[in-house]
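Student: Just data13.txt, nothing more (compact mmCIF, C-alpha atoms):
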```txt
# COMPACT_ATOMS: atom_id res chain seq x y z
CA MET A 1 -14.58 -19.70 -11.21
CA LYS A 2 -17.82 -20.74 -12.91
CA ASN A 3 -16.17 -24.04 -13.93
CA TYR A 4 -16.05 -25.00 -10.27
CA LYS A 5 -19.09 -26.44 -8.59
CA VAL A 6 -18.70 -26.48 -4.82
CA TYR A 7 -20.66 -28.52 -2.30
CA VAL A 8 -20.47 -27.35 1.34
CA GLU A 9 -21.17 -29.66 4.25
CA GLY A 10 -21.32 -28.34 7.82
CA TYR A 11 -21.30 -29.90 11.29
CA GLY A 12 -21.39 -28.80 14.93
CA CYS A 13 -22.85 -25.95 16.96
CA VAL A 14 -25.09 -23.04 15.90
CA LEU A 15 -21.98 -20.85 15.55
CA ASN A 16 -20.52 -23.35 13.08
CA THR A 17 -23.88 -23.57 11.26
CA ALA A 18 -23.66 -19.80 10.80
CA ASP A 19 -20.09 -20.19 9.50
CA THR A 20 -21.25 -22.83 6.99
CA GLU A 21 -23.74 -20.36 5.49
CA ILE A 22 -21.11 -17.59 5.54
CA ILE A 23 -18.72 -19.90 3.60
CA LYS A 24 -21.41 -20.54 0.95
CA ASN A 25 -22.19 -16.85 0.50
CA SER A 26 -18.48 -15.96 0.29
CA LEU A 27 -18.01 -18.59 -2.46
CA ARG A 28 -20.96 -17.19 -4.42
CA GLU A 29 -19.52 -13.69 -4.19
CA CYS A 30 -16.27 -14.94 -5.75
CA GLY A 31 -18.13 -16.50 -8.68
CA PHE A 32 -18.20 -20.15 -7.59
CA ILE A 33 -21.34 -22.19 -8.22
CA VAL A 34 -22.58 -23.57 -4.90
CA VAL A 35 -24.52 -26.81 -5.43
CA ASP A 36 -26.85 -28.75 -3.12
CA ASN A 37 -25.92 -32.14 -4.52
CA LEU A 38 -22.59 -33.80 -3.69
CA LYS A 39 -22.59 -35.71 -7.00
CA GLU A 40 -22.59 -32.48 -9.03
CA ALA A 41 -19.59 -30.99 -7.23
CA ASN A 42 -15.92 -31.14 -8.18
CA ILE A 43 -14.87 -29.40 -4.92
CA VAL A 44 -16.26 -30.25 -1.47
CA ILE A 45 -15.76 -28.06 1.60
CA ILE A 46 -16.34 -29.77 4.94
CA ASN A 47 -16.85 -27.31 7.80
CA THR A 48 -15.75 -29.50 10.69
CA CYS A 49 -16.46 -29.82 14.40
CA VAL A 50 -13.93 -31.28 16.83
CA VAL A 51 -15.55 -30.86 20.25
CA ARG A 52 -15.46 -34.60 21.04
CA LEU A 53 -13.20 -37.48 20.01
CA GLU A 54 -16.00 -39.41 18.28
CA THR A 55 -16.90 -36.23 16.34
CA GLU A 56 -13.27 -35.86 15.25
CA ASN A 57 -13.19 -39.51 14.09
CA ARG A 58 -16.44 -39.01 12.18
CA MET A 59 -15.00 -35.90 10.47
CA ILE A 60 -11.83 -37.74 9.40
CA TYR A 61 -13.87 -40.69 8.12
CA ARG A 62 -16.08 -38.31 6.11
CA ILE A 63 -13.11 -36.40 4.66
CA ASN A 64 -11.53 -39.66 3.43
CA GLU A 65 -14.87 -40.96 2.16
CA ILE A 66 -15.33 -37.89 -0.06
CA LYS A 67 -11.67 -37.90 -1.13
CA ASN A 68 -12.14 -41.51 -2.29
CA LEU A 69 -14.97 -40.35 -4.55
CA GLY A 70 -12.33 -38.41 -6.49
CA LYS A 71 -13.42 -34.99 -5.23
CA GLU A 72 -11.08 -32.13 -4.28
CA VAL A 73 -11.62 -31.76 -0.51
CA VAL A 74 -11.17 -28.54 1.48
CA VAL A 75 -11.20 -28.84 5.28
CA ALA A 76 -12.70 -25.87 7.13
CA GLY A 77 -13.66 -25.12 10.73
CA CYS A 78 -12.29 -26.28 14.06
CA LEU A 79 -10.45 -29.48 13.03
CA PRO A 80 -7.68 -27.90 10.90
CA LYS A 81 -7.11 -25.15 13.49
CA ALA A 82 -6.97 -27.42 16.55
CA LEU A 83 -5.37 -30.53 15.02
CA LYS A 84 -3.62 -29.42 11.84
CA ASN A 85 -1.52 -32.60 11.53
CA LYS A 86 -4.62 -34.79 11.35
CA VAL A 87 -5.61 -33.18 8.03
CA LYS A 88 -2.28 -32.63 6.29
CA GLY A 89 -2.33 -32.32 2.53
CA PHE A 90 -5.69 -30.50 2.30
CA LEU A 91 -6.45 -26.82 1.84
CA HIS A 92 -7.48 -25.42 5.25
CA ILE A 93 -9.98 -22.65 6.01
CA TYR A 94 -9.95 -21.66 9.68
CA PRO A 95 -13.00 -20.60 11.76
CA ARG A 96 -12.12 -16.90 11.65
CA GLU A 97 -11.78 -17.03 7.86
CA ALA A 98 -15.28 -18.28 6.96
CA HIS A 99 -16.11 -14.97 5.23
CA LYS A 100 -12.89 -15.22 3.19
CA ALA A 101 -13.53 -18.78 1.98
CA GLY A 102 -14.18 -17.72 -1.64
CA GLU A 103 -11.06 -15.57 -1.74
CA ILE A 104 -8.90 -18.34 -0.20
CA LEU A 105 -10.18 -21.03 -2.58
CA LYS A 106 -9.78 -18.77 -5.63
CA TYR A 107 -6.18 -17.89 -4.66
CA TYR A 108 -5.40 -21.58 -4.08
CA LEU A 109 -6.77 -22.66 -7.47
CA GLU A 110 -4.91 -19.89 -9.29
CA ASN A 111 -1.57 -20.14 -7.43
CA LYS A 112 -1.49 -23.79 -6.31
CA LYS A 113 -0.72 -22.66 -2.77
CA ARG A 114 -2.59 -21.34 0.26
CA LYS A 115 -2.92 -17.63 0.91
CA LYS A 116 -0.92 -16.62 4.01
CA TYR A 117 -2.88 -16.70 7.26
CA VAL A 118 -2.20 -13.53 9.28
CA GLU A 119 -4.28 -13.71 12.45
CA GLU A 120 -3.84 -10.02 13.43
CA GLU A 121 -5.24 -8.89 10.07
CA ILE A 122 -8.12 -11.38 10.23
CA ASN A 123 -9.04 -10.29 13.78
CA LYS A 124 -9.27 -6.61 12.81
CA THR A 125 -12.09 -7.24 10.35
CA LEU A 126 -13.79 -10.26 11.90
CA TYR A 127 -17.13 -8.44 12.14
CA LYS A 128 -17.26 -8.48 8.33
CA LYS A 129 -18.56 -12.03 8.70
CA LEU A 130 -21.92 -10.30 9.33
CA ASP A 131 -21.97 -9.10 5.69
CA TYR A 132 -22.18 -12.72 4.55
CA ILE A 133 -25.27 -13.64 6.55
CA LYS A 134 -28.36 -13.96 4.37
CA PRO A 135 -31.94 -14.07 5.68
CA SER A 136 -34.03 -17.17 6.26
CA LEU A 137 -36.98 -17.63 8.64
CA ILE A 138 -34.57 -18.55 11.46
CA THR A 139 -31.18 -16.90 11.09
CA PRO A 140 -28.14 -17.39 13.34
CA LEU A 141 -26.53 -14.07 14.27
CA PRO A 142 -22.95 -14.43 15.59
CA ILE A 143 -21.96 -11.68 18.05
CA CYS A 144 -18.38 -12.66 18.93
CA GLU A 145 -15.65 -15.23 18.35
CA GLY A 146 -13.64 -17.19 20.89
CA CYS A 147 -14.01 -16.97 24.67
CA ILE A 148 -12.31 -15.79 27.86
CA GLY A 149 -12.53 -19.20 29.53
CA ASN A 150 -9.76 -21.71 30.06
CA CYS A 151 -11.64 -24.95 30.76
CA SER A 152 -9.21 -27.83 31.27
CA TYR A 153 -11.07 -30.21 28.90
CA CYS A 154 -11.92 -27.88 26.01
CA ILE A 155 -10.34 -28.14 22.56
CA VAL A 156 -12.67 -25.48 21.10
CA LYS A 157 -10.59 -22.76 22.79
CA ILE A 158 -7.57 -24.01 20.81
CA ALA A 159 -9.68 -23.89 17.63
CA ARG A 160 -11.48 -20.58 18.10
CA GLY A 161 -9.06 -18.59 20.27
CA ASN A 162 -9.54 -15.64 22.59
CA LEU A 163 -12.59 -13.42 22.68
CA ILE A 164 -13.17 -10.88 19.92
CA SER A 165 -16.55 -9.13 20.08
CA TYR A 166 -18.12 -7.57 17.01
CA PRO A 167 -19.02 -3.85 17.39
CA ARG A 168 -22.54 -3.50 18.81
CA GLU A 169 -23.71 -1.04 16.13
CA LYS A 170 -22.68 -3.48 13.35
CA ILE A 171 -24.67 -6.33 14.95
CA VAL A 172 -27.75 -4.15 15.46
CA LYS A 173 -27.56 -2.81 11.89
CA LYS A 174 -27.34 -6.38 10.54
CA ALA A 175 -30.25 -7.50 12.72
CA GLU A 176 -32.39 -4.59 11.46
CA GLU A 177 -31.60 -5.56 7.88
CA LEU A 178 -32.53 -9.20 8.56
CA ILE A 179 -35.83 -8.36 10.30
CA LYS A 180 -36.79 -6.01 7.42
CA SER A 181 -36.07 -8.91 5.03
CA GLY A 182 -38.62 -11.12 6.80
CA VAL A 183 -36.55 -12.95 9.43
CA LYS A 184 -38.82 -13.92 12.34
CA CYS A 185 -36.29 -15.58 14.63
CA LEU A 186 -32.69 -14.68 15.45
CA PHE A 187 -30.40 -17.19 17.12
CA ILE A 188 -27.97 -14.95 19.00
CA THR A 189 -24.89 -17.13 18.92
CA ALA A 190 -21.32 -17.33 20.24
CA GLN A 191 -19.14 -19.75 22.16
CA ASP A 192 -20.33 -17.86 25.23
CA THR A 193 -22.89 -15.10 24.65
CA ALA A 194 -22.45 -13.86 28.25
CA SER A 195 -18.84 -12.87 27.50
CA TYR A 196 -19.95 -10.50 24.71
CA GLY A 197 -18.28 -7.12 24.98
CA LEU A 198 -15.87 -7.95 27.79
CA ASP A 199 -12.95 -7.17 25.47
CA ILE A 200 -14.37 -3.84 24.21
CA GLY A 201 -15.95 -2.32 27.33
CA ASP A 202 -19.47 -3.43 26.43
CA ASN A 203 -21.82 -6.22 27.54
CA LEU A 204 -24.59 -8.57 26.43
CA VAL A 205 -27.33 -6.55 28.19
CA ASN A 206 -26.58 -3.41 26.15
CA LEU A 207 -26.67 -5.45 22.96
CA LEU A 208 -29.96 -7.23 23.79
CA ASN A 209 -31.59 -3.95 24.84
CA ASP A 210 -30.66 -2.41 21.48
CA LEU A 211 -31.91 -5.46 19.58
CA THR A 212 -35.30 -5.36 21.34
CA GLN A 213 -35.78 -1.79 20.03
CA ILE A 214 -35.85 -3.02 16.41
CA GLU A 215 -39.31 -2.61 14.89
CA GLY A 216 -41.24 -5.64 13.72
CA GLU A 217 -42.54 -8.90 15.16
CA PHE A 218 -39.72 -11.32 15.83
CA ILE A 219 -38.17 -13.40 18.61
CA MET A 220 -34.57 -13.98 19.70
CA ARG A 221 -33.04 -17.07 21.23
CA VAL A 222 -29.99 -16.19 23.31
CA GLY A 223 -27.38 -18.94 22.91
CA MET A 224 -25.18 -20.63 25.48
CA MET A 225 -23.96 -18.56 28.42
CA HIS A 226 -21.15 -19.35 30.87
CA ALA A 227 -22.34 -19.06 34.48
CA LYS A 228 -19.26 -17.14 35.70
CA ASN A 229 -19.90 -14.44 33.06
CA VAL A 230 -23.65 -14.23 33.71
CA GLN A 231 -23.15 -13.61 37.44
CA PRO A 232 -21.96 -9.96 37.22
CA ILE A 233 -24.85 -8.97 34.91
CA LEU A 234 -27.52 -11.31 36.30
CA ASP A 235 -30.18 -8.75 37.35
CA GLU A 236 -29.88 -6.80 34.09
CA VAL A 237 -30.02 -9.96 31.94
CA ILE A 238 -33.16 -11.15 33.75
CA GLU A 239 -34.71 -7.72 33.22
CA VAL A 240 -34.11 -7.82 29.46
CA TYR A 241 -35.62 -11.35 29.41
CA GLN A 242 -38.95 -9.74 30.38
CA ASN A 243 -39.14 -8.26 26.87
CA GLU A 244 -41.42 -10.32 24.61
CA LYS A 245 -38.82 -10.26 21.83
CA VAL A 246 -36.42 -12.27 24.02
CA GLY A 247 -37.33 -15.98 24.11
CA LYS A 248 -37.68 -17.48 27.59
CA PHE A 249 -34.83 -19.88 26.94
CA LEU A 250 -31.72 -20.28 29.08
CA HIS A 251 -28.80 -22.48 27.98
CA LEU A 252 -26.48 -22.57 30.99
CA PRO A 253 -24.08 -25.54 31.14
CA ILE A 254 -23.35 -26.88 34.64
CA GLN A 255 -20.96 -29.66 33.41
CA SER A 256 -20.74 -31.18 36.93
CA GLY A 257 -22.70 -30.97 40.17
CA ASP A 258 -19.59 -31.40 42.30
CA ASP A 259 -17.38 -28.51 43.42
CA GLU A 260 -14.13 -30.46 43.32
CA ILE A 261 -14.75 -31.58 39.73
CA LEU A 262 -15.79 -28.05 38.71
CA LYS A 263 -12.47 -26.81 40.11
CA LYS A 264 -10.53 -29.44 38.11
CA MET A 265 -12.53 -28.41 35.04
CA LYS A 266 -11.56 -24.75 35.72
CA ARG A 267 -15.17 -23.64 35.34
CA GLY A 268 -14.87 -20.67 37.69
CA TYR A 269 -18.08 -21.14 39.74
CA THR A 270 -19.38 -23.37 42.53
CA VAL A 271 -22.51 -25.53 42.52
CA ASP A 272 -24.24 -23.07 44.87
CA GLU A 273 -23.41 -20.10 42.65
CA PHE A 274 -24.78 -21.97 39.65
CA LYS A 275 -28.00 -22.91 41.49
CA GLU A 276 -28.46 -19.28 42.56
CA ILE A 277 -28.37 -18.10 38.92
CA VAL A 278 -30.86 -20.73 37.73
CA ASN A 279 -33.24 -20.19 40.66
CA GLU A 280 -33.19 -16.43 40.14
CA PHE A 281 -34.08 -16.91 36.45
CA LYS A 282 -36.85 -19.36 37.35
CA ARG A 283 -38.30 -17.00 39.96
CA LYS A 284 -38.45 -14.03 37.63
CA VAL A 285 -38.91 -15.44 34.10
CA LYS A 286 -42.29 -17.08 33.53
CA ASN A 287 -42.28 -20.37 31.54
CA LEU A 288 -38.48 -20.50 31.49
CA CYS A 289 -37.03 -23.37 29.45
CA PHE A 290 -33.73 -24.21 31.13
CA THR A 291 -31.23 -26.32 29.21
CA THR A 292 -27.88 -27.49 30.53
CA ASP A 293 -24.83 -29.57 29.58
CA VAL A 294 -23.25 -32.32 31.69
CA ILE A 295 -19.98 -34.22 31.28
CA VAL A 296 -19.84 -37.61 33.02
CA GLY A 297 -16.66 -39.54 33.74
CA PHE A 298 -14.38 -36.50 33.91
CA PRO A 299 -10.85 -37.55 35.03
CA GLY A 300 -10.92 -38.52 38.71
CA GLU A 301 -14.74 -38.38 39.03
CA THR A 302 -15.77 -40.74 41.85
CA GLU A 303 -19.12 -42.50 42.18
CA GLU A 304 -20.06 -40.04 44.94
CA GLN A 305 -19.21 -37.04 42.75
CA PHE A 306 -21.32 -38.48 39.93
CA GLN A 307 -24.21 -38.95 42.39
CA ASN A 308 -23.78 -35.29 43.46
CA THR A 309 -24.34 -34.28 39.83
CA LEU A 310 -27.52 -36.39 39.61
CA GLU A 311 -28.84 -34.83 42.85
CA VAL A 312 -28.27 -31.28 41.58
CA LEU A 313 -30.05 -32.12 38.32
CA LYS A 314 -33.02 -33.60 40.24
CA GLU A 315 -33.17 -30.37 42.24
CA LEU A 316 -32.87 -27.95 39.29
CA LYS A 317 -34.97 -30.07 36.88
CA PRO A 318 -33.60 -28.85 33.53
CA ASP A 319 -36.04 -29.04 30.60
CA TYR A 320 -33.27 -30.55 28.54
CA ILE A 321 -29.84 -31.99 29.34
CA HIS A 322 -27.09 -32.37 26.75
CA GLY A 323 -25.25 -35.31 28.30
CA ALA A 324 -21.78 -36.37 27.18
CA LYS A 325 -19.22 -38.93 28.25
CA TYR A 326 -15.91 -37.20 28.93
CA SER A 327 -13.80 -37.22 25.78
CA GLN A 328 -10.00 -36.98 25.98
CA ARG A 329 -8.84 -34.12 23.72
CA ARG A 330 -5.22 -33.76 22.68
CA GLY A 331 -3.56 -30.55 23.84
CA THR A 332 -5.86 -30.04 26.83
CA GLU A 333 -4.93 -30.20 30.51
CA ALA A 334 -7.53 -32.84 31.33
CA ALA A 335 -6.05 -35.23 28.76
CA LYS A 336 -2.98 -35.58 31.01
CA MET A 337 -5.05 -36.41 34.12
CA LYS A 338 -5.80 -39.95 35.33
CA GLN A 339 -8.74 -41.14 33.23
CA VAL A 340 -11.94 -42.87 34.36
CA ASP A 341 -12.48 -46.32 32.84
CA THR A 342 -14.52 -46.17 29.61
CA LYS A 343 -17.02 -48.77 30.90
CA ILE A 344 -17.73 -46.58 33.94
CA ARG A 345 -18.18 -43.55 31.67
CA LYS A 346 -20.63 -45.52 29.52
CA ARG A 347 -22.67 -46.70 32.53
CA ARG A 348 -22.86 -43.18 33.98
CA SER A 349 -23.91 -41.84 30.60
CA GLU A 350 -26.79 -44.36 30.47
CA ILE A 351 -27.94 -43.38 33.98
CA LEU A 352 -27.82 -39.70 33.00
CA ASP A 353 -29.77 -40.38 29.82
CA LYS A 354 -32.56 -42.08 31.78
CA LEU A 355 -32.76 -39.10 34.18
CA ARG A 356 -32.75 -36.49 31.41
CA ARG A 357 -35.69 -38.22 29.72
CA GLU A 358 -37.65 -38.34 32.98
CA LEU A 359 -37.00 -34.65 33.71
CA SER A 360 -37.83 -33.54 30.16
CA TYR A 361 -41.16 -35.36 30.28
CA LEU A 362 -41.98 -33.99 33.76
CA ASN A 363 -41.30 -30.44 32.57
CA ASN A 364 -43.29 -30.83 29.37
CA LYS A 365 -46.34 -32.19 31.25
CA LYS A 366 -46.55 -28.89 33.18
CA TYR A 367 -47.48 -27.11 29.95
CA ILE A 368 -50.68 -29.06 29.31
CA GLY A 369 -53.54 -26.55 29.40
CA LYS A 370 -51.26 -23.53 28.93
CA THR A 371 -51.41 -21.23 25.90
CA LEU A 372 -48.09 -20.16 24.36
CA LYS A 373 -47.24 -17.70 21.62
CA THR A 374 -45.70 -19.81 18.85
CA LEU A 375 -43.79 -19.18 15.63
CA VAL A 376 -44.93 -21.47 12.81
CA LEU A 377 -41.78 -23.02 11.32
CA ASP A 378 -43.21 -25.63 9.04
CA GLU A 379 -46.49 -27.29 8.30
CA GLY A 380 -47.78 -28.41 11.69
CA LYS A 381 -44.68 -27.48 13.69
CA GLY A 382 -43.45 -24.45 15.61
CA TYR A 383 -41.28 -22.92 18.30
CA THR A 384 -43.05 -21.74 21.43
CA GLU A 385 -42.04 -18.48 23.14
CA ASN A 386 -39.54 -20.51 25.23
CA PHE A 387 -38.25 -22.53 22.25
CA LYS A 388 -39.95 -25.83 22.90
CA VAL A 389 -40.98 -27.69 19.77
CA VAL A 390 -44.75 -28.00 19.45
CA LYS A 391 -46.81 -29.86 16.83
CA PHE A 392 -50.27 -28.72 15.75
CA GLU A 393 -52.49 -28.43 12.69
CA GLY A 394 -52.72 -25.36 10.48
CA GLY A 395 -50.94 -22.01 10.59
CA GLU A 396 -48.99 -20.08 7.99
CA ILE A 397 -45.20 -20.53 7.96
CA GLY A 398 -43.60 -17.43 9.50
CA GLU A 399 -46.63 -16.23 11.45
CA PHE A 400 -47.01 -16.05 15.21
CA VAL A 401 -50.04 -17.89 16.58
CA LYS A 402 -51.42 -18.86 19.98
CA VAL A 403 -51.19 -22.58 20.67
CA LYS A 404 -52.98 -24.28 23.54
CA ILE A 405 -50.96 -27.30 24.73
CA THR A 406 -53.02 -30.50 24.78
CA ASP A 407 -50.36 -33.21 25.23
CA ALA A 408 -46.71 -33.70 26.17
CA LYS A 409 -44.05 -36.07 24.91
CA THR A 410 -40.53 -36.61 26.26
CA PHE A 411 -38.95 -34.05 23.93
CA GLY A 412 -41.86 -32.04 22.56
CA LEU A 413 -45.42 -30.78 22.92
CA LYS A 414 -48.69 -31.16 21.05
CA GLY A 415 -51.31 -28.47 20.82
CA GLU A 416 -53.99 -26.69 18.84
CA ILE A 417 -54.11 -23.17 17.44
CA ILE A 418 -56.67 -20.99 19.16
CA PRO A 419 -58.10 -17.75 17.72
```
How does this structure look as C-alpha cells?

Tutor:
Amino acid sequence: MKNYKVYVEGYGCVLNTADTEIIKNSLRECGFIVVDNLKEANIVIINTCVVRLETENRMIYRINEIKNLGKEVVVAGCLPKALKNKVKGFLHIYPREAHKAGEILKYYLENKKRKKYVEEEINKTLYKKLDYIKPSLITPLPICEGCIGNCSYCIVKIARGNLISYPREKIVKKAEELIKSGVKCLFITAQDTASYGLDIGDNLVNLLNDLTQIEGEFIMRVGMMHAKNVQPILDEVIEVYQNEKVGKFLHLPIQSGDDEILKKMKRGYTVDEFKEIVNEFKRKVKNLCFTTDVIVGFPGETEEQFQNTLEVLKELKPDYIHGAKYSQRRGTEAAKMKQVDTKIRKRRSEILDKLRRELSYLNNKKYIGKTLKTLVLDEGKGYTENFKVVKFEGGEIGEFVKVKITDAKTFGLKGEIIP
C-alpha cells in the first residue's frame, strides 16, 4: 500500500474529530502513507458531517471539488450513512467503521469492491476504536456511539444509530496510557455523554470517578450532555465535578425555551426541569462555564415562543450559545411539519446572535481580577479550569499555570501568569 498516499480531511463535532484521527491511524497500520498536503495525495478521504443542510451542501461541494482535481475520493462519516444516495459511486466508510478504514480501503483497492458491512459484527468490537487513538496535548476520548434519544429534527441519530457504550475498564485503561504518554487534557466525547452506560448497566458518574483516580496532572472536559439523561444522576455528577481533574464546563443544550416546542422536538424535558439542572450546577460548581445550543425557527415556532426562548436565556445567562436556524433534514419527523419562513428564521437568528454576544461578554467580565488554573496550549494561549480561552505572555506548552484575569473580550479572556 506504500504506493498510495492518502490525505484525510475531517469536519464536524469533537466525536467526528476523534474519528478523523482514528481513520488516519488505521490507514498507517495498513501500510498507507498518510500525507498532510492534498497535492501529494492520490486518494482523499473526507470524514463528513451532515448535522445541518448547509453543512451537507458544503460537504457535497467539497467532494466534487476534490474529485475534479482527479483524485480518488472516499466518503466517510455521517453523510454516507444518513444520505447514501447523495454520494453514490464513491467508496463509503461509516462512522462505526473509522478504526477499520485501512482494512476497508485496502480490500477495495485489491478487489475493486467494498467489503461487506455487517453492523452486528461491527457493534461487538466498537470499543477497539480506542486502540487507534494516539496522544497529543489535548486528546478526544470517545466513550460511546449513538444515543437513546429520538429528537424529531435530528439526522445524526440516523447516521450514528442507537447507543453502544464502550466497556468502562477499556476506557480507563486507554486514558491511563494517554496520561502516561504526556496528554494533559482529555475531551470526554460522545453524542450524549450523560447516556453513557445506560445500555450496559453502568453510568457516566462511575466512569468519571474512575478517571479521576488516574495518577498525574491533567484535566478533563466532559462533552455534551442531554438534560433528560443528566436528571437521574444529577447529584452524583455535580459531586464528581468537585474534583479538580474535572473541568468546570457544562455543555447542556436547551434547544428551545418553550415547552410546546420542546414537546414537538421530542426533547423529553420541560423548561423548568432544564432550569433546575443548570441552577443546581451553578449553585454547587464554582466558576461554572455553561454552554448551550438553541434552534430558532423550528416548525410552528411563533413569535411568542421565540420570545420565551430569549427570556429563558436572559435568565440562565449561558457563557456561550451555539445558535442555529432550524434546518430541514430529510428522513426526520420535523421535516414533514409546517415550516417557518426562511426570512423569519434568519431574523430570529440575528436577534439570538446579538443576545449571545451580550451574555458572553457579561459573563467574561465577571472573571476580571480572578485567578484561574490554566493549561498552556500554545505560545500565549491557554484553557482555564472551566475551558475558557485566555491569552497571556509566557508559559511552557503543556504546563499548568495560574493566570490572573486582567481583561475580558466577547469570546475570550486576557490575563497574566502569576507565580

Student: Distance atom CA of A:Leu310-atom CA of A:Ile351, one decimal place?

Tutor: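 Between atom CA of A:Leu310 and atom CA of A:Ile351 the gap is 9.0 Å.
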
Student: Quote the spacing between atom CA of A:Lys174 and atom CA of A:Gln213 in Å to one decimal place.

Tutor: 13.5 Å

Student: Just checking: using only C-alpha atoms, which residue out of A:Arg58, A:Arg52, A:Lys184, A:Lys5 ends up closest to A:Glu72?

Tutor: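 The closest residue to A:Glu72 is A:Lys5.
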
Student: Using all atoms listed in the file, which of A:Ile46, A:Ala408, A:Val118, A:Leu130 sits nearest A:Glu65?

Tutor: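 Closest candidate: A:Ile46.
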
Student: Find the residues near stretch 271-288 of chain A: any atom within 10 Å, counting all atoms listed in the file, skip ones fewer than 6 places away on the same chain, and give them as a VMD selection string.

Tutor: chain A and resid 226 to 228 230 to 231 234 to 235 237 to 239 241 to 242 247 to 250 252 to 254 256 to 260 262 308 to 309 312 to 313 315 to 316 318 to 319 366 to 367 370 372 385 to 387

Student: Determine, counting all atoms listed in the file, which protein, DNA and RNA residues have an atom within 12 Å of an atom of A:Val73; residues of the same chain fewer than 4 positions away are not included. Present the result as a VMD selection string.

Tutor: chain A and resid 6 to 9 38 41 to 47 60 62 to 69 87 to 93 105

Student: Could you work out how far atom CA of A:Gly197 lies from atom CA of A:Ser165, giving the answer in Å with one decimal?

Tutor: 5.6 Å

Student: Report as JSON, numbers by chain all protein, DNA and RNA residues lying within 9 Å of A:Arg168, evaluated on all atoms listed in the file, omitting residues in the same chain fewer than 3 positions from it.

Tutor: {"A": [143, 165, 171, 172, 173, 197, 202, 206, 207, 210]}

Student: Please list as a PyMOL selection string every residue within 12 Å of A:Lys336, counting all atoms listed in the file and excluding residues in the same chain fewer than 3 positions away.

Tutor: chain A and resi 152-153+298-300+328-333+339

Student: With distances taken over all atoms listed in the file, which residue among A:Leu413, A:Leu377, A:Cys144, A:Val296 lies nearest A:Lys343?

Tutor: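 Checking each candidate against A:Lys343, we get A:Val296 as the closest.
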
Student: Between A:Asn229, A:Thr48, A:Asn37, A:Thr139, which one has atoms that come closest to A:Ile188, using all atoms listed in the file?

Tutor: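 Comparing A:Asn229, A:Thr48, A:Asn37, A:Thr139 against A:Ile188, the winner is A:Thr139.
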
Student: Counting only C-alpha atoms, which residue out of A:Pro167, A:Gly268, A:Gly70, A:Gly297 sits closest to A:Lys338?

Tutor: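 Of all the options, A:Gly297 lies closest to A:Lys338.
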
Student: Centre and edge lengths of an axis-aligned box around all listed atoms of stretch 299-308 of chain A, with 8 Å added on each side, are to be given in Å to one decimal, as lines of an AutoDock Vina configuration file.

Tutor:
```
center_x = -17.5
center_y = -38.9
center_z = 40.0
size_x = 29.4
size_y = 23.2
size_z = 25.9
```

Student: Counting all atoms listed in the file, write as a PyMOL selection string all protein and nucleic acid residues lying at most 10 Å from (-39.5, -29.8, 34.0) in the file's frame.

Tutor: chain A and resi 288-290+314+316-320+356+358-367

Student: What would the list of residues within 12 Å of (-39.7, -15.8, 17.3) (file frame) look like as JSON, numbers by chain, if all atoms listed in the file are what count?

Tutor: {"A": [137, 138, 139, 179, 182, 183, 184, 185, 186, 187, 188, 216, 217, 218, 219, 220, 221, 222, 244, 245, 246, 247, 248, 249, 372, 373, 374, 375, 376, 377, 382, 383, 384, 385, 386, 387, 388, 397, 398, 399, 400, 401]}

Student: Which one is closest to A:Glu169: A:Leu211, A:Lys414, A:Val294, A:Lys84? Count only C-alpha atoms.

Tutor: A:Leu211
